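Visitor: One file is attached below, structure_38.cif, containing mmCIF, C-alpha atoms.
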data_target
#
loop_
_atom_site.group_PDB
_atom_site.id
_atom_site.type_symbol
_atom_site.label_atom_id
_atom_site.label_comp_id
_atom_site.auth_asym_id
_atom_site.auth_seq_id
_atom_site.Cartn_x
_atom_site.Cartn_y
_atom_site.Cartn_z
ATOM 1 C CA MET A 7 10.536 -20.461 30.053
ATOM 2 C CA ASN A 8 12.517 -17.270 29.354
ATOM 3 C CA THR A 9 13.210 -18.499 25.822
ATOM 4 C CA ILE A 10 9.506 -18.852 25.066
ATOM 5 C CA ILE A 11 8.726 -15.387 26.442
ATOM 6 C CA LEU A 12 11.538 -13.838 24.396
ATOM 7 C CA GLN A 13 10.376 -15.598 21.233
ATOM 8 C CA LEU A 14 6.790 -14.413 21.753
ATOM 9 C CA PHE A 15 8.079 -10.886 22.305
ATOM 10 C CA ALA A 16 10.126 -11.045 19.080
ATOM 11 C CA VAL A 17 7.153 -12.250 17.019
ATOM 12 C CA GLY A 18 4.865 -9.666 18.637
ATOM 13 C CA PHE A 19 7.387 -6.938 17.847
ATOM 14 C CA CYS A 20 7.370 -7.926 14.163
ATOM 15 C CA PHE A 21 3.588 -7.639 13.985
ATOM 16 C CA ALA A 22 3.593 -4.352 15.927
ATOM 17 C CA VAL A 23 6.058 -2.888 13.448
ATOM 18 C CA VAL A 24 3.960 -3.907 10.431
ATOM 19 C CA GLN A 25 0.707 -2.431 11.728
ATOM 20 C CA ALA A 26 1.511 0.878 10.015
ATOM 21 C CA LEU A 27 0.824 0.037 6.382
ATOM 22 C CA GLN A 28 3.492 1.161 3.902
ATOM 23 C CA CYS A 29 2.365 2.009 0.375
ATOM 24 C CA TYR A 30 3.752 3.449 -2.816
ATOM 25 C CA LYS A 31 2.574 6.981 -3.568
ATOM 26 C CA CYS A 32 2.275 8.616 -6.961
ATOM 27 C CA SER A 33 0.321 11.864 -7.144
ATOM 28 C CA ILE A 34 -0.408 11.522 -10.863
ATOM 29 C CA GLY A 35 1.095 9.482 -13.678
ATOM 30 C CA VAL A 36 0.506 9.447 -17.406
ATOM 31 C CA GLY A 37 0.798 6.308 -19.511
ATOM 32 C CA ASP A 38 3.371 3.991 -17.955
ATOM 33 C CA LEU A 39 5.162 6.814 -16.110
ATOM 34 C CA CYS A 40 4.261 7.141 -12.422
ATOM 35 C CA ILE A 41 7.103 8.390 -10.205
ATOM 36 C CA THR A 42 6.628 6.815 -6.788
ATOM 37 C CA SER A 43 7.794 7.336 -3.238
ATOM 38 C CA LYS A 44 6.880 5.427 -0.086
ATOM 39 C CA THR A 45 4.291 6.633 2.401
ATOM 40 C CA THR A 46 2.714 5.371 5.627
ATOM 41 C CA CYS A 47 -1.058 5.114 5.809
ATOM 42 C CA ASP A 48 -3.192 6.332 8.678
ATOM 43 C CA ALA A 49 -5.542 4.053 10.607
ATOM 44 C CA GLY A 50 -8.512 3.006 8.492
ATOM 45 C CA GLU A 51 -6.635 3.348 5.204
ATOM 46 C CA GLN A 52 -5.327 0.834 2.687
ATOM 47 C CA CYS A 53 -2.955 1.027 -0.268
ATOM 48 C CA TYR A 54 -4.585 1.719 -3.612
ATOM 49 C CA SER A 55 -3.758 1.825 -7.278
ATOM 50 C CA GLY A 56 -5.902 4.046 -9.432
ATOM 51 C CA VAL A 57 -6.251 3.653 -13.192
ATOM 52 C CA GLY A 58 -8.312 5.948 -15.369
ATOM 53 C CA GLN A 59 -8.625 7.896 -18.585
ATOM 54 C CA ALA A 60 -8.532 11.611 -19.238
ATOM 55 C CA ALA A 61 -10.240 12.999 -22.322
ATOM 56 C CA GLY A 62 -11.314 9.463 -23.175
ATOM 57 C CA PHE A 63 -7.876 8.266 -24.368
ATOM 58 C CA ILE A 64 -5.003 9.392 -22.073
ATOM 59 C CA ASP A 65 -4.185 6.794 -19.408
ATOM 60 C CA VAL A 66 -3.698 8.291 -15.931
ATOM 61 C CA LYS A 67 -2.517 6.543 -12.767
ATOM 62 C CA LYS A 68 -2.372 7.305 -9.063
ATOM 63 C CA LYS A 69 -1.132 5.380 -6.023
ATOM 64 C CA GLY A 70 -1.230 5.989 -2.300
ATOM 65 C CA CYS A 71 -3.376 5.512 0.797
ATOM 66 C CA LEU A 72 -7.158 5.623 0.696
ATOM 67 C CA ALA A 73 -9.942 5.309 3.269
ATOM 68 C CA VAL A 74 -11.391 1.805 3.168
ATOM 69 C CA ALA A 75 -14.887 3.189 2.489
ATOM 70 C CA LEU A 76 -13.630 4.663 -0.816
ATOM 71 C CA CYS A 77 -11.921 1.484 -2.052
ATOM 72 C CA ASN A 78 -12.811 -0.445 -5.188
ATOM 73 C CA ARG A 79 -14.901 2.302 -6.745
ATOM 74 C CA THR A 80 -14.885 4.301 -9.941
ATOM 75 C CA GLY A 81 -15.282 8.037 -9.596
ATOM 76 C CA GLU A 82 -14.969 11.247 -11.539
ATOM 77 C CA VAL A 83 -12.320 13.865 -10.816
ATOM 78 C CA ASN A 84 -13.556 17.392 -11.460
ATOM 79 C CA PHE A 85 -11.575 20.598 -11.847
ATOM 80 C CA PRO A 86 -12.196 22.832 -10.121
ATOM 81 C CA GLU A 87 -13.653 20.418 -7.587
ATOM 82 C CA THR A 88 -16.836 22.462 -7.121
ATOM 83 C CA THR A 89 -17.860 22.218 -10.802
ATOM 84 C CA ASN A 90 -19.317 19.477 -12.936
ATOM 85 C CA THR A 91 -16.399 19.576 -15.384
ATOM 86 C CA THR A 92 -14.985 16.047 -15.382
ATOM 87 C CA ILE A 93 -11.249 15.908 -16.052
ATOM 88 C CA TYR A 94 -10.957 12.126 -15.821
ATOM 89 C CA THR A 95 -12.584 9.028 -14.347
ATOM 90 C CA MET A 96 -10.570 6.650 -12.193
ATOM 91 C CA THR A 97 -11.060 3.197 -10.685
ATOM 92 C CA LYS A 98 -9.269 2.820 -7.345
ATOM 93 C CA THR A 99 -8.451 -0.740 -6.307
ATOM 94 C CA CYS A 100 -7.214 -1.370 -2.744
ATOM 95 C CA CYS A 101 -4.981 -3.936 -1.078
ATOM 96 C CA ASN A 102 -3.867 -4.323 2.534
ATOM 97 C CA THR A 103 -0.260 -5.516 2.712
ATOM 98 C CA ASP A 104 2.911 -3.437 2.702
ATOM 99 C CA LEU A 105 3.800 -2.025 -0.729
ATOM 100 C CA CYS A 106 1.091 -4.123 -2.387
ATOM 101 C CA ASN A 107 0.262 -1.307 -4.815
ATOM 102 C CA ALA A 108 3.496 -1.823 -6.736
ATOM 103 C CA ALA A 109 3.653 -2.047 -10.508
ATOM 104 C CA PRO A 110 1.728 -4.971 -12.039
ATOM 105 C CA GLY A 111 3.697 -8.204 -12.123
ATOM 106 C CA LEU A 112 5.374 -7.698 -8.737
ATOM 107 C CA PRO A 113 2.810 -9.005 -6.233
ATOM 108 C CA GLY A 114 3.642 -11.086 -3.185
ATOM 109 C CA THR A 115 6.960 -9.525 -2.243
ATOM 110 C CA SER A 116 5.650 -8.081 1.012
ATOM 111 C CA GLY A 117 4.512 -11.497 2.316
ATOM 112 C CA LEU A 118 7.960 -12.921 1.693
ATOM 113 C CA SER A 119 9.578 -9.966 3.469
ATOM 114 C CA LEU A 120 7.351 -10.459 6.523
ATOM 115 C CA ALA A 121 8.155 -14.172 6.659
ATOM 116 C CA LEU A 122 11.894 -13.485 6.464
ATOM 117 C CA ALA A 123 11.647 -10.819 9.174
ATOM 118 C CA THR A 124 9.800 -13.215 11.490
ATOM 119 C CA ILE A 125 12.305 -16.018 10.938
ATOM 120 C CA THR A 126 15.211 -13.615 11.530
ATOM 121 C CA ALA A 127 13.621 -12.347 14.767
ATOM 122 C CA LEU A 128 13.179 -15.893 16.046
ATOM 123 C CA PHE A 129 16.784 -16.750 15.134
ATOM 124 C CA VAL A 130 18.110 -13.671 16.962
ATOM 125 C CA ALA A 131 15.925 -14.453 19.991
ATOM 126 C CA ASN A 132 17.438 -17.964 20.169
ATOM 127 C CA ILE A 133 20.977 -16.577 19.953
ATOM 128 C CA MET A 134 20.326 -14.030 22.730
ATOM 129 C CA VAL A 135 19.227 -16.709 25.192
#
How does this structure look as structure tokens?

Guide:
Amino acid sequence: MNTIILQLFAVGFCFAVVQALQCYKCSIGVGDLCITSKTTCDAGEQCYSGVGQAAGFIDVKKKGCLAVALCNRTGEVNFPETTNTTIYTMTKTCCNTDLCNAAPGLPGTSGLSLALATITALFVANIMV
């Protein structure tokens, strides 16, 4: 009975830890260059990758956390913000797993990490009993 309780606690702990969504953050990137760091999203936010064009031909990119209500939309970025002078347009696409807004071609790594963490927690729980 204690083994089952400990295993449930270990699995629950894994899911409690992953509730805070981790995303890559890049304030602004040009072309293929987007220097990223990791950030933790607030409640009601998801990871996003933004792709757009400035002046009609310069590719710009952004990554980070975004309110769910603003996901999967194309919008204009004005400067200064109170004017109608559009600097660039950007489409922001959201996802909801840890570090899912990585560079294209690297999807699915977060699901594998979660599976390995869960299996490791169960293994450790069995050893402790």

Visitor: Using the chain letters and numbers from the file, give me the residues hit by the PyMOL selection byres ((chain A and resi 65) around 10), as a list in words.

Guide: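 On this input, the PyMOL selection byres ((chain A and resi 65) around 10) captures Gly35, Val36, Gly37, Asp38, Leu39, Val57, Gly58, Gln59, Ala60, Ala61, Gly62, Phe63, Ile64, Val66, Lys67, Tyr94 and Met96 of chain A.
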
Visitor: To one decimal in Å, tell me the separation between atom CA of A:Asp104 and atom CA of A:Gly81.

Guide: 24.8 Å

Visitor: Do you have the atom CA of A:Thr45-atom CA of A:Cys29 distance handy?

Guide: 5.4 Å

Visitor: Which of these, A:Leu105, A:Cys32, A:Cys100, A:Cys71, has the shortest distance to A:Cys47 once you count all atoms listed in the file?

Guide: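 Under the stated criterion, the closest residue is A:Cys71.
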
Visitor: For A:Arg79, which residue among A:Ser55, A:Ser43, A:Thr103, A:Ser33 is the nearest when counting all atoms listed in the file?

Guide: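 That would be A:Ser55, the residue with the smallest distance to A:Arg79.
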
Visitor: Nearest to A:Val74: which of A:Gln28, A:Thr88, A:Thr46, A:Asn102 is it, counting only C-alpha atoms?

Guide: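 Nearest to A:Val74: A:Asn102.
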
Visitor: Go through A:Ile34, A:Gly70, A:Ala75, A:Thr80 one by one, measure the shortest atom-to-atom distance of each to A:Lys98 using all atoms listed in the file, and give the residue with the smallest value.

Guide: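 Smallest distance to A:Lys98 is found for A:Thr80.
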
Visitor: (-11.7, 2.4, 6.1) in this file's frame - what residues fall within 10 Å of it? Use only C-alpha atoms and give the answer as a list in words.

Guide: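 Every residue inside that radius is included here: Asp48, Ala49, Gly50, Glu51, Gln52, Leu72, Ala73, Val74, Ala75, Leu76 and Cys77 of chain A.
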
Visitor: Report the centre and edge lengths, in Å to one decimal, of an axis-aligned box enclosing every atom of stretch 44-51 of chain A listed in the file, padded by 5 Å on each side, as lines of an AutoDock Vina configuration file.

Guide:
center_x = -0.8
center_y = 4.8
center_z = 5.3
size_x = 25.4
size_y = 13.6
size_z = 20.7
